[in-house]
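*Asks:* What follows is the file work-v4.txt, containing compact mmCIF, N, CA and C atoms and all ligand atoms:
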```
# COMPACT_ATOMS: atom_id res chain seq x y z
N THR A 184 0.85 -1.21 0.00
CA THR A 184 0.00 0.00 0.00
C THR A 184 0.87 1.25 0.00
N ARG A 185 0.51 2.20 -0.86
CA ARG A 185 1.25 3.45 -0.91
C ARG A 185 0.70 4.40 0.15
N VAL A 186 1.61 5.08 0.85
CA VAL A 186 1.24 6.05 1.88
C VAL A 186 1.98 7.35 1.60
N LEU A 187 1.25 8.47 1.64
CA LEU A 187 1.90 9.77 1.49
C LEU A 187 2.30 10.28 2.86
N VAL A 188 3.53 10.73 3.01
CA VAL A 188 3.96 11.40 4.23
C VAL A 188 4.31 12.83 3.83
N LEU A 189 3.43 13.76 4.20
CA LEU A 189 3.56 15.15 3.75
C LEU A 189 4.02 16.06 4.89
N ASN A 190 4.90 16.98 4.55
CA ASN A 190 5.48 17.89 5.54
C ASN A 190 5.37 19.33 5.06
N GLY A 191 4.91 20.20 5.95
CA GLY A 191 4.69 21.60 5.62
C GLY A 191 5.92 22.48 5.83
N PRO A 192 5.68 23.79 5.90
CA PRO A 192 6.74 24.79 5.85
C PRO A 192 7.75 24.71 6.99
N ASN A 193 8.99 24.99 6.63
CA ASN A 193 10.15 25.07 7.53
C ASN A 193 10.68 23.70 7.95
N LEU A 194 9.98 22.63 7.59
CA LEU A 194 10.48 21.30 7.98
C LEU A 194 11.68 20.88 7.14
N ASN A 195 11.92 21.57 6.03
CA ASN A 195 13.17 21.35 5.28
C ASN A 195 14.38 21.84 6.08
N ARG A 196 14.13 22.59 7.16
CA ARG A 196 15.21 23.16 7.98
C ARG A 196 15.55 22.28 9.19
N LEU A 197 14.90 21.12 9.29
CA LEU A 197 15.16 20.22 10.43
C LEU A 197 16.65 19.92 10.53
N GLY A 198 17.12 19.84 11.77
CA GLY A 198 18.55 19.61 12.01
C GLY A 198 19.23 20.89 12.45
N THR A 199 18.88 21.99 11.78
CA THR A 199 19.44 23.29 12.18
C THR A 199 18.37 24.18 12.81
N ARG A 200 17.11 23.90 12.53
CA ARG A 200 16.00 24.73 13.03
C ARG A 200 15.71 24.39 14.50
N GLU A 201 15.88 25.33 15.41
CA GLU A 201 15.54 25.16 16.83
C GLU A 201 15.71 23.69 17.28
N PRO A 202 16.95 23.19 17.26
CA PRO A 202 17.16 21.76 17.57
C PRO A 202 16.69 21.38 18.97
N GLU A 203 16.64 22.36 19.89
CA GLU A 203 16.16 22.06 21.25
C GLU A 203 14.66 21.73 21.25
N VAL A 204 13.96 22.16 20.20
CA VAL A 204 12.53 21.86 20.08
C VAL A 204 12.31 20.68 19.14
N TYR A 205 13.02 20.69 18.00
CA TYR A 205 12.70 19.75 16.92
C TYR A 205 13.72 18.62 16.76
N GLY A 206 14.82 18.66 17.56
CA GLY A 206 15.80 17.58 17.49
C GLY A 206 16.88 17.83 16.46
N ALA A 207 17.83 16.90 16.40
CA ALA A 207 19.03 17.06 15.58
C ALA A 207 18.90 16.38 14.22
N ASP A 208 17.90 15.52 14.05
CA ASP A 208 17.76 14.81 12.78
C ASP A 208 17.35 15.77 11.66
N THR A 209 17.89 15.53 10.48
CA THR A 209 17.52 16.33 9.31
C THR A 209 16.28 15.73 8.65
N LEU A 210 15.75 16.47 7.68
CA LEU A 210 14.59 15.96 6.93
C LEU A 210 14.98 14.68 6.18
N ALA A 211 16.22 14.64 5.69
CA ALA A 211 16.69 13.44 4.97
C ALA A 211 16.74 12.24 5.92
N ASP A 212 17.19 12.47 7.17
CA ASP A 212 17.19 11.39 8.18
C ASP A 212 15.76 10.89 8.41
N LEU A 213 14.83 11.84 8.52
CA LEU A 213 13.43 11.50 8.78
C LEU A 213 12.82 10.72 7.61
N ALA A 214 13.17 11.14 6.40
CA ALA A 214 12.67 10.45 5.21
C ALA A 214 13.16 9.00 5.19
N LYS A 215 14.44 8.82 5.57
CA LYS A 215 15.05 7.48 5.59
C LYS A 215 14.36 6.61 6.65
N LEU A 216 14.15 7.20 7.84
CA LEU A 216 13.47 6.48 8.92
C LEU A 216 12.07 6.02 8.48
N CYS A 217 11.35 6.91 7.80
CA CYS A 217 9.99 6.57 7.35
C CYS A 217 10.02 5.48 6.29
N ALA A 218 10.98 5.56 5.38
CA ALA A 218 11.10 4.54 4.32
C ALA A 218 11.39 3.18 4.93
N GLU A 219 12.32 3.15 5.91
CA GLU A 219 12.70 1.88 6.56
C GLU A 219 11.54 1.29 7.35
N THR A 220 10.87 2.15 8.11
CA THR A 220 9.72 1.68 8.91
C THR A 220 8.61 1.20 7.98
N GLY A 221 8.38 1.92 6.91
CA GLY A 221 7.38 1.53 5.93
C GLY A 221 7.69 0.15 5.36
N ARG A 222 8.94 -0.08 5.03
CA ARG A 222 9.37 -1.37 4.46
C ARG A 222 9.04 -2.51 5.43
N GLU A 223 9.34 -2.31 6.73
CA GLU A 223 9.01 -3.30 7.77
C GLU A 223 7.52 -3.63 7.80
N LEU A 224 6.72 -2.59 7.56
CA LEU A 224 5.26 -2.72 7.72
C LEU A 224 4.55 -3.04 6.41
N GLY A 225 5.31 -3.12 5.33
CA GLY A 225 4.71 -3.39 4.03
C GLY A 225 4.03 -2.17 3.42
N LEU A 226 4.49 -0.98 3.81
CA LEU A 226 3.95 0.27 3.27
C LEU A 226 4.99 0.93 2.37
N ASP A 227 4.52 1.42 1.24
CA ASP A 227 5.39 2.09 0.28
C ASP A 227 5.27 3.60 0.54
N VAL A 228 6.30 4.17 1.18
CA VAL A 228 6.22 5.56 1.67
C VAL A 228 6.67 6.56 0.60
N ASP A 229 5.78 7.50 0.29
CA ASP A 229 6.10 8.61 -0.61
C ASP A 229 6.23 9.86 0.27
N PHE A 230 7.46 10.27 0.56
CA PHE A 230 7.77 11.31 1.55
C PHE A 230 8.04 12.63 0.83
N ARG A 231 7.33 13.69 1.21
CA ARG A 231 7.48 14.99 0.54
C ARG A 231 7.44 16.14 1.54
N GLN A 232 8.06 17.25 1.15
CA GLN A 232 8.00 18.48 1.95
C GLN A 232 7.84 19.67 1.01
N THR A 233 7.07 20.66 1.46
CA THR A 233 6.96 21.91 0.71
C THR A 233 6.76 23.08 1.66
N ASN A 234 7.19 24.26 1.21
CA ASN A 234 6.91 25.49 1.95
C ASN A 234 5.71 26.22 1.34
N ASP A 235 5.07 25.59 0.35
CA ASP A 235 4.08 26.24 -0.50
C ASP A 235 2.69 25.65 -0.24
N GLU A 236 1.78 26.47 0.24
CA GLU A 236 0.43 26.02 0.58
C GLU A 236 -0.30 25.46 -0.65
N ALA A 237 -0.14 26.13 -1.80
CA ALA A 237 -0.81 25.67 -3.02
C ALA A 237 -0.32 24.27 -3.41
N GLU A 238 0.98 24.04 -3.23
CA GLU A 238 1.54 22.75 -3.61
C GLU A 238 0.99 21.63 -2.71
N ILE A 239 0.92 21.88 -1.42
CA ILE A 239 0.44 20.82 -0.51
C ILE A 239 -1.05 20.57 -0.75
N VAL A 240 -1.84 21.61 -1.04
CA VAL A 240 -3.26 21.44 -1.36
C VAL A 240 -3.40 20.59 -2.64
N GLY A 241 -2.56 20.83 -3.61
CA GLY A 241 -2.58 20.04 -4.85
C GLY A 241 -2.26 18.57 -4.59
N TRP A 242 -1.25 18.32 -3.74
CA TRP A 242 -0.90 16.93 -3.39
C TRP A 242 -2.07 16.23 -2.71
N ILE A 243 -2.78 16.97 -1.86
CA ILE A 243 -3.91 16.39 -1.13
C ILE A 243 -5.06 16.07 -2.10
N HIS A 244 -5.33 16.96 -3.05
CA HIS A 244 -6.38 16.67 -4.04
C HIS A 244 -6.08 15.37 -4.77
N GLN A 245 -4.83 15.19 -5.16
CA GLN A 245 -4.43 13.96 -5.86
C GLN A 245 -4.64 12.74 -4.96
N ALA A 246 -4.24 12.85 -3.70
CA ALA A 246 -4.39 11.75 -2.74
C ALA A 246 -5.87 11.43 -2.51
N VAL A 247 -6.70 12.46 -2.45
CA VAL A 247 -8.14 12.26 -2.28
C VAL A 247 -8.68 11.47 -3.47
N ASP A 248 -8.30 11.88 -4.67
CA ASP A 248 -8.79 11.20 -5.88
C ASP A 248 -8.30 9.75 -5.93
N ASP A 249 -7.08 9.50 -5.46
CA ASP A 249 -6.50 8.14 -5.50
C ASP A 249 -6.83 7.34 -4.23
N ARG A 250 -7.51 7.96 -3.27
CA ARG A 250 -7.80 7.32 -1.97
C ARG A 250 -6.52 6.85 -1.28
N THR A 251 -5.48 7.65 -1.36
CA THR A 251 -4.20 7.32 -0.73
C THR A 251 -4.21 7.79 0.72
N PRO A 252 -3.87 6.91 1.69
CA PRO A 252 -3.76 7.33 3.09
C PRO A 252 -2.65 8.38 3.25
N ILE A 253 -2.86 9.30 4.20
CA ILE A 253 -1.92 10.40 4.40
C ILE A 253 -1.47 10.49 5.86
N ILE A 254 -0.17 10.64 6.04
CA ILE A 254 0.40 11.09 7.31
C ILE A 254 0.88 12.51 7.05
N LEU A 255 0.43 13.45 7.87
CA LEU A 255 0.68 14.86 7.57
C LEU A 255 1.21 15.60 8.78
N ASN A 256 2.38 16.24 8.60
CA ASN A 256 2.81 17.26 9.56
C ASN A 256 2.58 18.61 8.88
N PRO A 257 1.46 19.26 9.22
CA PRO A 257 1.12 20.51 8.53
C PRO A 257 1.99 21.69 8.96
N ALA A 258 2.85 21.47 9.99
CA ALA A 258 3.72 22.53 10.52
C ALA A 258 2.87 23.77 10.83
N ALA A 259 3.32 24.96 10.49
CA ALA A 259 2.57 26.16 10.88
C ALA A 259 1.17 26.21 10.24
N PHE A 260 0.98 25.54 9.09
CA PHE A 260 -0.35 25.51 8.46
C PHE A 260 -1.40 24.92 9.41
N THR A 261 -0.94 24.05 10.33
CA THR A 261 -1.82 23.46 11.34
C THR A 261 -2.75 24.50 11.96
N HIS A 262 -2.17 25.65 12.23
CA HIS A 262 -2.82 26.61 13.12
C HIS A 262 -3.73 27.61 12.40
N TYR A 263 -3.66 27.66 11.06
CA TYR A 263 -4.45 28.70 10.38
C TYR A 263 -4.92 28.37 8.98
N SER A 264 -4.52 27.23 8.40
CA SER A 264 -4.84 27.04 6.98
C SER A 264 -6.18 26.34 6.75
N TYR A 265 -7.21 27.16 6.52
CA TYR A 265 -8.53 26.59 6.21
C TYR A 265 -8.54 25.93 4.84
N SER A 266 -7.68 26.38 3.93
CA SER A 266 -7.64 25.73 2.61
C SER A 266 -7.11 24.30 2.74
N LEU A 267 -6.14 24.11 3.64
CA LEU A 267 -5.62 22.77 3.90
C LEU A 267 -6.71 21.90 4.55
N ARG A 268 -7.38 22.45 5.53
CA ARG A 268 -8.46 21.70 6.18
C ARG A 268 -9.55 21.31 5.20
N ASP A 269 -9.97 22.26 4.35
CA ASP A 269 -11.05 21.98 3.39
C ASP A 269 -10.62 20.92 2.38
N ALA A 270 -9.36 20.92 1.99
CA ALA A 270 -8.84 19.89 1.08
C ALA A 270 -8.89 18.53 1.78
N LEU A 271 -8.45 18.48 3.02
CA LEU A 271 -8.38 17.22 3.77
C LEU A 271 -9.77 16.67 4.09
N ALA A 272 -10.75 17.57 4.23
CA ALA A 272 -12.11 17.16 4.56
C ALA A 272 -12.73 16.29 3.45
N GLN A 273 -12.14 16.33 2.25
CA GLN A 273 -12.66 15.56 1.11
C GLN A 273 -12.18 14.11 1.11
N ARG A 274 -11.32 13.77 2.05
CA ARG A 274 -10.70 12.44 2.03
C ARG A 274 -11.68 11.33 2.40
N THR A 275 -11.39 10.13 1.91
CA THR A 275 -12.11 8.95 2.37
C THR A 275 -11.14 7.98 3.03
N ALA A 276 -9.86 8.05 2.67
CA ALA A 276 -8.82 7.19 3.28
C ALA A 276 -8.36 7.83 4.60
N PRO A 277 -7.70 7.04 5.47
CA PRO A 277 -7.23 7.58 6.76
C PRO A 277 -6.25 8.75 6.62
N LEU A 278 -6.31 9.63 7.61
CA LEU A 278 -5.38 10.77 7.72
C LEU A 278 -4.88 10.83 9.15
N ILE A 279 -3.57 10.78 9.33
CA ILE A 279 -3.00 10.93 10.67
C ILE A 279 -2.18 12.22 10.70
N GLU A 280 -2.55 13.11 11.63
CA GLU A 280 -1.82 14.37 11.85
C GLU A 280 -0.66 14.07 12.79
N VAL A 281 0.53 14.51 12.45
CA VAL A 281 1.69 14.29 13.32
C VAL A 281 2.42 15.60 13.59
N HIS A 282 3.02 15.65 14.79
CA HIS A 282 3.91 16.76 15.14
C HIS A 282 5.11 16.21 15.89
N LEU A 283 6.27 16.78 15.64
CA LEU A 283 7.49 16.40 16.36
C LEU A 283 7.38 16.84 17.81
N SER A 284 7.03 18.11 17.99
CA SER A 284 6.86 18.66 19.33
C SER A 284 5.42 18.42 19.79
N ASN A 285 5.13 18.79 21.04
CA ASN A 285 3.75 18.73 21.52
C ASN A 285 3.20 20.16 21.56
N PRO A 286 2.47 20.56 20.52
CA PRO A 286 2.02 21.95 20.43
C PRO A 286 1.21 22.40 21.66
N ALA A 287 0.54 21.46 22.34
CA ALA A 287 -0.29 21.82 23.51
C ALA A 287 0.54 22.36 24.67
N THR A 288 1.85 22.07 24.68
CA THR A 288 2.72 22.55 25.76
C THR A 288 3.42 23.85 25.39
N ARG A 289 3.13 24.38 24.20
CA ARG A 289 3.90 25.52 23.69
C ARG A 289 3.04 26.79 23.64
N GLU A 290 3.40 27.74 22.78
CA GLU A 290 2.69 29.02 22.75
C GLU A 290 1.20 28.81 22.49
N GLU A 291 0.40 29.75 22.96
CA GLU A 291 -1.06 29.70 22.84
C GLU A 291 -1.51 29.48 21.38
N PHE A 292 -0.85 30.15 20.43
CA PHE A 292 -1.32 30.05 19.03
C PHE A 292 -1.16 28.65 18.48
N ARG A 293 -0.32 27.82 19.14
CA ARG A 293 -0.13 26.44 18.67
C ARG A 293 -1.17 25.48 19.27
N HIS A 294 -2.01 25.98 20.15
CA HIS A 294 -2.97 25.09 20.82
C HIS A 294 -4.16 24.75 19.93
N THR A 295 -4.36 25.55 18.88
CA THR A 295 -5.44 25.27 17.94
C THR A 295 -4.89 24.56 16.71
N SER A 296 -5.54 23.44 16.34
CA SER A 296 -5.28 22.81 15.05
C SER A 296 -6.55 22.83 14.24
N VAL A 297 -6.49 23.47 13.07
CA VAL A 297 -7.67 23.48 12.20
C VAL A 297 -7.75 22.18 11.40
N VAL A 298 -6.72 21.35 11.50
CA VAL A 298 -6.64 20.07 10.80
C VAL A 298 -7.20 18.92 11.65
N ALA A 299 -7.05 19.03 12.97
CA ALA A 299 -7.38 17.91 13.88
C ALA A 299 -8.80 17.40 13.69
N GLY A 300 -9.74 18.31 13.44
CA GLY A 300 -11.15 17.95 13.32
C GLY A 300 -11.50 17.14 12.09
N VAL A 301 -10.59 17.07 11.12
CA VAL A 301 -10.85 16.25 9.93
C VAL A 301 -9.86 15.08 9.82
N ALA A 302 -9.06 14.88 10.89
CA ALA A 302 -8.09 13.77 10.89
C ALA A 302 -8.69 12.53 11.55
N THR A 303 -8.16 11.36 11.20
CA THR A 303 -8.53 10.13 11.90
C THR A 303 -8.03 10.21 13.34
N GLY A 304 -6.81 10.70 13.51
CA GLY A 304 -6.21 10.87 14.82
C GLY A 304 -4.93 11.67 14.72
N THR A 305 -4.39 12.02 15.89
CA THR A 305 -3.20 12.88 15.96
C THR A 305 -2.15 12.26 16.86
N ILE A 306 -0.88 12.32 16.45
CA ILE A 306 0.24 11.86 17.28
C ILE A 306 1.24 13.01 17.37
N ALA A 307 1.50 13.48 18.59
CA ALA A 307 2.35 14.66 18.77
C ALA A 307 3.25 14.50 19.97
N GLY A 308 4.46 15.01 19.86
CA GLY A 308 5.33 15.13 21.03
C GLY A 308 6.40 14.06 21.16
N PHE A 309 6.53 13.19 20.18
CA PHE A 309 7.48 12.08 20.28
C PHE A 309 8.68 12.24 19.36
N GLY A 310 8.92 13.45 18.88
CA GLY A 310 10.02 13.65 17.95
C GLY A 310 9.78 12.85 16.68
N THR A 311 10.85 12.32 16.09
CA THR A 311 10.68 11.58 14.83
C THR A 311 9.85 10.31 15.03
N ALA A 312 9.78 9.82 16.29
CA ALA A 312 8.95 8.64 16.57
C ALA A 312 7.46 8.94 16.35
N SER A 313 7.05 10.21 16.36
CA SER A 313 5.65 10.52 16.01
C SER A 313 5.33 9.94 14.63
N TYR A 314 6.31 10.00 13.72
CA TYR A 314 6.08 9.51 12.35
C TYR A 314 6.04 7.98 12.30
N THR A 315 6.93 7.32 13.04
CA THR A 315 6.94 5.85 13.00
C THR A 315 5.71 5.29 13.71
N LEU A 316 5.29 5.97 14.78
CA LEU A 316 4.05 5.57 15.46
C LEU A 316 2.86 5.73 14.52
N ALA A 317 2.85 6.80 13.75
CA ALA A 317 1.76 7.04 12.79
C ALA A 317 1.76 5.96 11.70
N LEU A 318 2.93 5.57 11.24
CA LEU A 318 3.02 4.50 10.22
C LEU A 318 2.47 3.19 10.79
N ARG A 319 2.80 2.91 12.06
CA ARG A 319 2.28 1.69 12.71
C ARG A 319 0.76 1.75 12.87
N ALA A 320 0.27 2.91 13.27
CA ALA A 320 -1.18 3.09 13.43
C ALA A 320 -1.88 2.89 12.09
N LEU A 321 -1.28 3.40 11.04
CA LEU A 321 -1.86 3.27 9.71
C LEU A 321 -1.85 1.82 9.24
N ALA A 322 -0.74 1.12 9.50
CA ALA A 322 -0.63 -0.29 9.12
C ALA A 322 -1.72 -1.10 9.84
N ASP A 323 -2.01 -0.76 11.09
CA ASP A 323 -3.08 -1.44 11.85
C ASP A 323 -4.44 -1.14 11.27
N LEU A 324 -4.65 0.11 10.86
CA LEU A 324 -5.95 0.53 10.30
C LEU A 324 -6.26 -0.11 8.96
N LEU A 325 -5.19 -0.29 8.15
CA LEU A 325 -5.42 -0.70 6.74
C LEU A 325 -5.66 -2.20 6.60
C1 LIG B 401 5.22 21.33 14.27
C2 LIG B 401 4.56 22.24 15.34
C3 LIG B 401 4.04 23.53 14.69
O1 LIG B 401 3.48 24.36 15.70
C4 LIG B 401 5.16 24.29 14.03
O2 LIG B 401 4.66 25.42 13.36
C5 LIG B 401 6.00 23.45 13.13
C6 LIG B 401 6.29 22.06 13.50
C7 LIG B 401 5.86 20.09 14.91
O3 LIG B 401 6.15 19.14 14.16
O4 LIG B 401 6.12 20.06 16.11
O5 LIG B 401 6.50 23.93 12.12
O6 LIG B 401 4.20 20.90 13.37
```
With the file now loaded, output its structure as structure tokens.
*Replies:*
Amino acid sequence: TRVLVLNGPNLNRLGTREPEVYGADTLADLAKLCAETGRELGLDVDFRQTNDEAEIVGWIHQAVDDRTPIILNPAAFTHYSYSLRDALAQRTAPLIEVHLSNPATREEFRHTSVVAGVATGTIAGFGTASYTLALRALADLL
């Protein structure tokens, strides 16, 4: 089964971006971890990142049409992107929202997720393990 793992803005900066919050692993490390975990679980992981809202909305439309399950770290889009939420609301396949940090323990503006209400579930606060836990949850669901 093919699974999309989508990452929003600034996640291309992992490794150098606020490592005390997001850890030392780079996006390439994370992509490798997801590919390896996917292989163990029999999932074919298509891992992508963009800083562009239009691009991520386009990827979601394609996934909706193909009924492809999605693991999504919407990054800052989590907190304000209604276009992302409206795109995700069209899904029929599972959607797992993931975060490296636990937004509930951080600034007030991070306490709202406009994506959570259209997700199957959310995994947050486990660093890169949030992604491997999401892959396992998806493998169980499928
Ligand atoms: C994040 C949390 C968001 O609040 C933030 O804007 C990010 C990353 C996380 O993975 O912890 O860019 O989604």
*Asks:* Neighbours of ligand LIG 401 (chain B) within 8 Å, counting only C-alpha atoms and all ligand atoms, as number ranges by chain?
*Replies:* A: 191-194, 204-205, 256-262, 281-286, 293, 307-308, 310
*Asks:* Which value, in Å to one decimal, gives the distance between atom C of Arg231 of chain A and atom N of Asp269 of chain A?
*Replies:*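 Rounded to one decimal, the two atoms are 18.7 Å apart.
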*Asks:* Residues of chain A classed as alpha helix (DSSP H) by DSSP on the backbone are to be reported as an MDAnalysis selection string.
*Replies:* chainID A and resid 202:205 210:224 236:249 265:271 312:324
*Asks:* What does the distance from atom C of Leu213 of chain A to atom N of Glu238 of chain A come to in Å, to one decimal?
*Replies:*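 According to the coordinates, atom C of Leu213 of chain A and atom N of Glu238 of chain A are separated by 20.9 Å.
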*Asks:* Go through segment 194-307 of chain A and collect every residue that DSSP, computed from the backbone, puts in strand (DSSP E or B); the answer should be as an mmCIF file with N, CA and C atoms, keeping the file's coordinate frame.
*Replies:*
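Final file, selection_2.cif:
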```cif
data_model
loop_
_atom_site.group_PDB
_atom_site.id
_atom_site.type_symbol
_atom_site.label_atom_id
_atom_site.label_comp_id
_atom_site.auth_asym_id
_atom_site.auth_seq_id
_atom_site.Cartn_x
_atom_site.Cartn_y
_atom_site.Cartn_z
ATOM 1 N N ASP A 227 4.520 1.420 1.240
ATOM 2 C CA ASP A 227 5.390 2.090 0.280
ATOM 3 C C ASP A 227 5.270 3.600 0.540
ATOM 4 N N VAL A 228 6.300 4.170 1.180
ATOM 5 C CA VAL A 228 6.220 5.560 1.670
ATOM 6 C C VAL A 228 6.670 6.560 0.600
ATOM 7 N N ASP A 229 5.780 7.500 0.290
ATOM 8 C CA ASP A 229 6.100 8.610 -0.610
ATOM 9 C C ASP A 229 6.230 9.860 0.270
ATOM 10 N N PHE A 230 7.460 10.270 0.560
ATOM 11 C CA PHE A 230 7.770 11.310 1.550
ATOM 12 C C PHE A 230 8.040 12.630 0.830
ATOM 13 N N ARG A 231 7.330 13.690 1.210
ATOM 14 C CA ARG A 231 7.480 14.990 0.540
ATOM 15 C C ARG A 231 7.440 16.140 1.540
ATOM 16 N N GLN A 232 8.060 17.250 1.150
ATOM 17 C CA GLN A 232 8.000 18.480 1.950
ATOM 18 C C GLN A 232 7.840 19.670 1.010
ATOM 19 N N ILE A 253 -2.860 9.300 4.200
ATOM 20 C CA ILE A 253 -1.920 10.400 4.400
ATOM 21 C C ILE A 253 -1.470 10.490 5.860
ATOM 22 N N ILE A 254 -0.170 10.640 6.040
ATOM 23 C CA ILE A 254 0.400 11.090 7.310
ATOM 24 C C ILE A 254 0.880 12.510 7.050
ATOM 25 N N LEU A 255 0.430 13.450 7.870
ATOM 26 C CA LEU A 255 0.680 14.860 7.570
ATOM 27 C C LEU A 255 1.210 15.600 8.780
ATOM 28 N N ASN A 256 2.380 16.240 8.600
ATOM 29 C CA ASN A 256 2.810 17.260 9.560
ATOM 30 C C ASN A 256 2.580 18.610 8.880
ATOM 31 N N LEU A 278 -6.310 9.630 7.610
ATOM 32 C CA LEU A 278 -5.380 10.770 7.720
ATOM 33 C C LEU A 278 -4.880 10.830 9.150
ATOM 34 N N ILE A 279 -3.570 10.780 9.330
ATOM 35 C CA ILE A 279 -3.000 10.930 10.670
ATOM 36 C C ILE A 279 -2.180 12.220 10.700
ATOM 37 N N GLU A 280 -2.550 13.110 11.630
ATOM 38 C CA GLU A 280 -1.820 14.370 11.850
ATOM 39 C C GLU A 280 -0.660 14.070 12.790
ATOM 40 N N VAL A 281 0.530 14.510 12.450
ATOM 41 C CA VAL A 281 1.690 14.290 13.320
ATOM 42 C C VAL A 281 2.420 15.600 13.590
ATOM 43 N N HIS A 282 3.020 15.650 14.790
ATOM 44 C CA HIS A 282 3.910 16.760 15.140
ATOM 45 C C HIS A 282 5.110 16.210 15.890
ATOM 46 N N GLY A 304 -6.810 10.700 13.510
ATOM 47 C CA GLY A 304 -6.210 10.870 14.820
ATOM 48 C C GLY A 304 -4.930 11.670 14.720
ATOM 49 N N THR A 305 -4.390 12.020 15.890
ATOM 50 C CA THR A 305 -3.200 12.880 15.960
ATOM 51 C C THR A 305 -2.150 12.260 16.860
ATOM 52 N N ILE A 306 -0.880 12.320 16.450
ATOM 53 C CA ILE A 306 0.240 11.860 17.280
ATOM 54 C C ILE A 306 1.240 13.010 17.370
ATOM 55 N N ALA A 307 1.500 13.480 18.590
ATOM 56 C CA ALA A 307 2.350 14.660 18.770
ATOM 57 C C ALA A 307 3.250 14.500 19.970
#
```
*Asks:* Just give me the gap between atom N of Arg268 of chain A and atom C of Ile253 of chain A in Å, one decimal is fine.
*Replies:*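 Result for atom N of Arg268 of chain A versus atom C of Ile253 of chain A: 13.3 Å, one decimal.
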*Asks:* From the options A:Leu189, A:Val297, A:Ala276, A:Leu216, which residue's atoms come nearest to Asp249 of chain A, counting only N, CA and C atoms?
*Replies:*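 Ranking A:Leu189, A:Val297, A:Ala276, A:Leu216 by distance to Asp249 of chain A, first place goes to A:Ala276.
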*Asks:* Can you work out which one of A:Ser313, A:Thr184, A:Thr275, A:Thr209 has the shortest atom-to-atom distance to Arg250 of chain A, counting all atoms listed in the file?
*Replies:*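 When distances to Arg250 of chain A are compared using all atoms listed in the file, the smallest one comes from A:Thr275.
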*Asks:* From (-6.6, 14.3, 16.1), in the file's coordinates, out to 12 Å: which residues are reached, counting only C-alpha atoms? Answer as a list in words.
*Replies:*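 The residues near that point, listed by chain and number, are Ile254, Leu255, Asn256, Thr261, Pro277, Leu278, Ile279, Glu280, Val281, His282, Thr295, Ser296, Val297, Val298, Ala299, Gly300, Val301, Ala302, Thr303, Gly304, Thr305, Ile306, Ala307 and Ala317 of chain A.
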*Asks:* Selected residues, N, CA and C atoms, written as a CSV table (one decimal), keeping the file's coordinate frame, please.
*Replies:*
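The result, stored in part-v2.csv:
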```csv
chain,number,residue,atom,x,y,z
A,254,ILE,N,-0.2,10.6,6.0
A,254,ILE,CA,0.4,11.1,7.3
A,254,ILE,C,0.9,12.5,7.0
A,255,LEU,N,0.4,13.4,7.9
A,255,LEU,CA,0.7,14.9,7.6
A,255,LEU,C,1.2,15.6,8.8
A,256,ASN,N,2.4,16.2,8.6
A,256,ASN,CA,2.8,17.3,9.6
A,256,ASN,C,2.6,18.6,8.9
A,261,THR,N,-0.9,24.0,10.3
A,261,THR,CA,-1.8,23.5,11.3
A,261,THR,C,-2.8,24.5,12.0
A,277,PRO,N,-7.7,7.0,5.5
A,277,PRO,CA,-7.2,7.6,6.8
A,277,PRO,C,-6.2,8.8,6.6
A,278,LEU,N,-6.3,9.6,7.6
A,278,LEU,CA,-5.4,10.8,7.7
A,278,LEU,C,-4.9,10.8,9.2
A,279,ILE,N,-3.6,10.8,9.3
A,279,ILE,CA,-3.0,10.9,10.7
A,279,ILE,C,-2.2,12.2,10.7
A,280,GLU,N,-2.6,13.1,11.6
A,280,GLU,CA,-1.8,14.4,11.8
A,280,GLU,C,-0.7,14.1,12.8
A,281,VAL,N,0.5,14.5,12.4
A,281,VAL,CA,1.7,14.3,13.3
A,281,VAL,C,2.4,15.6,13.6
A,282,HIS,N,3.0,15.6,14.8
A,282,HIS,CA,3.9,16.8,15.1
A,282,HIS,C,5.1,16.2,15.9
A,295,THR,N,-4.4,25.6,18.9
A,295,THR,CA,-5.4,25.3,17.9
A,295,THR,C,-4.9,24.6,16.7
A,296,SER,N,-5.5,23.4,16.3
A,296,SER,CA,-5.3,22.8,15.0
A,296,SER,C,-6.6,22.8,14.2
A,297,VAL,N,-6.5,23.5,13.1
A,297,VAL,CA,-7.7,23.5,12.2
A,297,VAL,C,-7.8,22.2,11.4
A,298,VAL,N,-6.7,21.4,11.5
A,298,VAL,CA,-6.6,20.1,10.8
A,298,VAL,C,-7.2,18.9,11.6
A,299,ALA,N,-7.0,19.0,13.0
A,299,ALA,CA,-7.4,17.9,13.9
A,299,ALA,C,-8.8,17.4,13.7
A,300,GLY,N,-9.7,18.3,13.4
A,300,GLY,CA,-11.2,18.0,13.3
A,300,GLY,C,-11.5,17.1,12.1
A,301,VAL,N,-10.6,17.1,11.1
A,301,VAL,CA,-10.8,16.2,9.9
A,301,VAL,C,-9.9,15.1,9.8
A,302,ALA,N,-9.1,14.9,10.9
A,302,ALA,CA,-8.1,13.8,10.9
A,302,ALA,C,-8.7,12.5,11.6
A,303,THR,N,-8.2,11.4,11.2
A,303,THR,CA,-8.5,10.1,11.9
A,303,THR,C,-8.0,10.2,13.3
A,304,GLY,N,-6.8,10.7,13.5
A,304,GLY,CA,-6.2,10.9,14.8
A,304,GLY,C,-4.9,11.7,14.7
A,305,THR,N,-4.4,12.0,15.9
A,305,THR,CA,-3.2,12.9,16.0
A,305,THR,C,-2.2,12.3,16.9
A,306,ILE,N,-0.9,12.3,16.4
A,306,ILE,CA,0.2,11.9,17.3
A,306,ILE,C,1.2,13.0,17.4
A,307,ALA,N,1.5,13.5,18.6
A,307,ALA,CA,2.4,14.7,18.8
A,307,ALA,C,3.2,14.5,20.0
A,317,ALA,N,2.8,6.8,13.8
A,317,ALA,CA,1.8,7.0,12.8
A,317,ALA,C,1.8,6.0,11.7
```
*Asks:* From the list A:Ala320, A:Leu197, A:Ala287, A:Leu267, which residue is nearest Glu236 of chain A when using all atoms listed in the file?
*Replies:*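 Answer, going by the shortest atom-to-atom distance: A:Leu267.
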*Asks:* Please determine, counting all atoms listed in the file, which residue among A:Leu271, A:Val186, A:Leu316, A:Leu325 has the shortest atom-to-atom distance to Phe230 of chain A.
*Replies:*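 Closest to Phe230 of chain A, using all atoms listed in the file: A:Val186.
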